[in-house]
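Colleague: Got a structure here, written out as structure tokens. Questions coming.
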Amino acid sequence: MDSLEDQLDGSEDEKGPLSPTDSEDPILSKNNCDTVSLGWPSLFALTCGIGGLQVIWSVILSQGAPFLVSLGLPKSLTALVWIAGPFCGAFVQPIVGYLSDMSRYSWGQRRPFIVIGAVSTIFSLWMLAWTESGIKWVVQTCHLEVRKEITANVVIAFAVFWIYALNVSIQPLQVGLRALVVENCPTHQQAQASAWASLITGGGNIFGYLVGFTPLPEIAKQLYLTHFQWLGIIASLAVAITVSITCSFVHERSSEALLLPSVRGPQQFLRTFRTMPLKIRRVFHIQIFAWMAWFPYLFYATSYVGDLYFNAIPLSTSETYQPSTSAIRSVSTRVGTFATFLSAIVAFLTNMLLQFVIRQTTCNDSHDSKSHGRKHLFRSFTIAQVWTFAHIAFAILMFSTFLVKTHIGGTVLIAMSGISWAMTLWVPYAIIGQELTAKQDRLREIGTAELESPDENPAGLIMSLHNMAISLPQIAAALVCSVILWLSDGQNGLAWCLRAGGLAALGAAWTLLSLEDS
């Protein structure tokens, strides 16, 4: 069985990875990704757009549920609203990925989808943030005599609509950015590029959660903006800046020279699934259980810790001072967001460690073939074993909710889950990227005719099918969480959602045995 160090380097490059000091052109240049290794500026430009997108996700994950509850939506129905993300990922993104693979534009194959997705994502987020203010302004301006209950229901309906619009808009942005990484990075650096994407994702999480628990309305009271509106503005700027960097410095290969696939439509989906490498197909199977585990954590970790804090307040508050419920709820939301912020920091530090491990492995394997005797972290473990340990650790943390009674204990659990989350963001994308580029390298050895056909390596469609494997189980998890929250009220319901996720994580660890066999 190969060690993790051997698996991270799919092929050797005679020149080795170029550092920022010895590379003549550190920024990714056209058609050079197959002949030289990429320096850190190239990897940063290639993956920074993913970080901007993650800021959007951090806002949705940490503030979305409290925002909907503040509008009047029952907590048990929030899970049904958050089906929007998995639903769009399962059914919209494969179509977008297919269209992206089929596109032949002079300014890039992926760039048009990235730009359109970024613009529509920003627009949808702004409309969501200003839904309540906009509808109330219309009612007041038009002097409409409408009961407050009706106005509240209209606000909720429009908010749900814009949540779905936001999730649809994210799909072309996400698939374009992920496909760009696979197609513009050599085989032996796919693990490194995935680690960079995971690192920048962690940075986006930290930034998003940091502004999430910062009392922005109190800092700039004169602007009369709500907390969620501030988050919408900041997240939009993050997406605009990072996507601009990626689109400006990453030069795609000319898509006009590519042949159209011989098989199109639904048959292309079936052909791609049948002909994809076996290891990628098994990653899909693992992700089914993995993302049933992560859905409750991602959408309810903030509320779980916040409710622990909220429920303890009456016990520690004196009779002479009783703060309002809304004030306590606002503070509890920030306390919950702080827990996810700590989780993002832990994930970020884990990703930095991964960068060190992968960089050392790649450099030693590329420059010194005799250096395999050197000891590196994780040298004795396979990449599948590392992923297995991450799932088992996550399951233990989720089952530990039986013992946690305070928000401090809940914060520790959520923060420590960042280690497993870092592995989830890195391992599957590293395996898929390496398998796709390794297949491309084999085709290159056979001849260029096969290489030019998108039938053999539809990166956009494969990444979309991977996202479908991630999204479909989240729909099932959302339904399960909705039933759990309906059967139980308050803190206990959220804790049972997390425990159900821990059970699914054990299923993912068991399924990983098939990846070991491959």
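Residues in the structure tokens are numbered from 1 in each chain, the chains being A, B, ... in the order shown, and ligands are numbered from 1 in the order shown.
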So which residues of range 117-344 of chain A fall under helix (DSSP H, G or I) by DSSP, listed as a PyMOL selection string?

Modeller: chain A and resi 117-129+131-141+148-183+187-213+216-219+221-223+227-249+255-257+266-275+278-316+325-344

Colleague: Within 12 Å of Phe402 in chain A, counting only C-alpha atoms, which residues qualify if same-chain residues fewer than 4 places away don't, as a ChimeraX atom specification?

Modeller: /A:396-398,406,409-410,413,491-492,494-499,502

Colleague: Measuring atom to atom with only C-alpha atoms, identify which of A:Leu472, A:Ser106, A:Gly212, A:Ile245 is nearest to Ile56 in chain A.

Modeller: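 For Ile56 in chain A, the nearest of the candidates is A:Gly212.
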
Colleague: With distances taken over only C-alpha atoms, which residue among A:Gln54, A:Thr411, A:Gln140, A:Ser76 lies nearest Val483 in chain A?

Modeller: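 That would be A:Ser76, the residue with the smallest distance to Val483 in chain A.
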
Colleague: Within 7 Å of Ala504 in chain A, counting only C-alpha atoms, which residues qualify if same-chain residues fewer than 4 places away don't, as a list in words?

Modeller: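 Close residues of Ala504 in chain A: Phe289, Ala290, Met292, Ala293, Ala500 and Ala508 of chain A.
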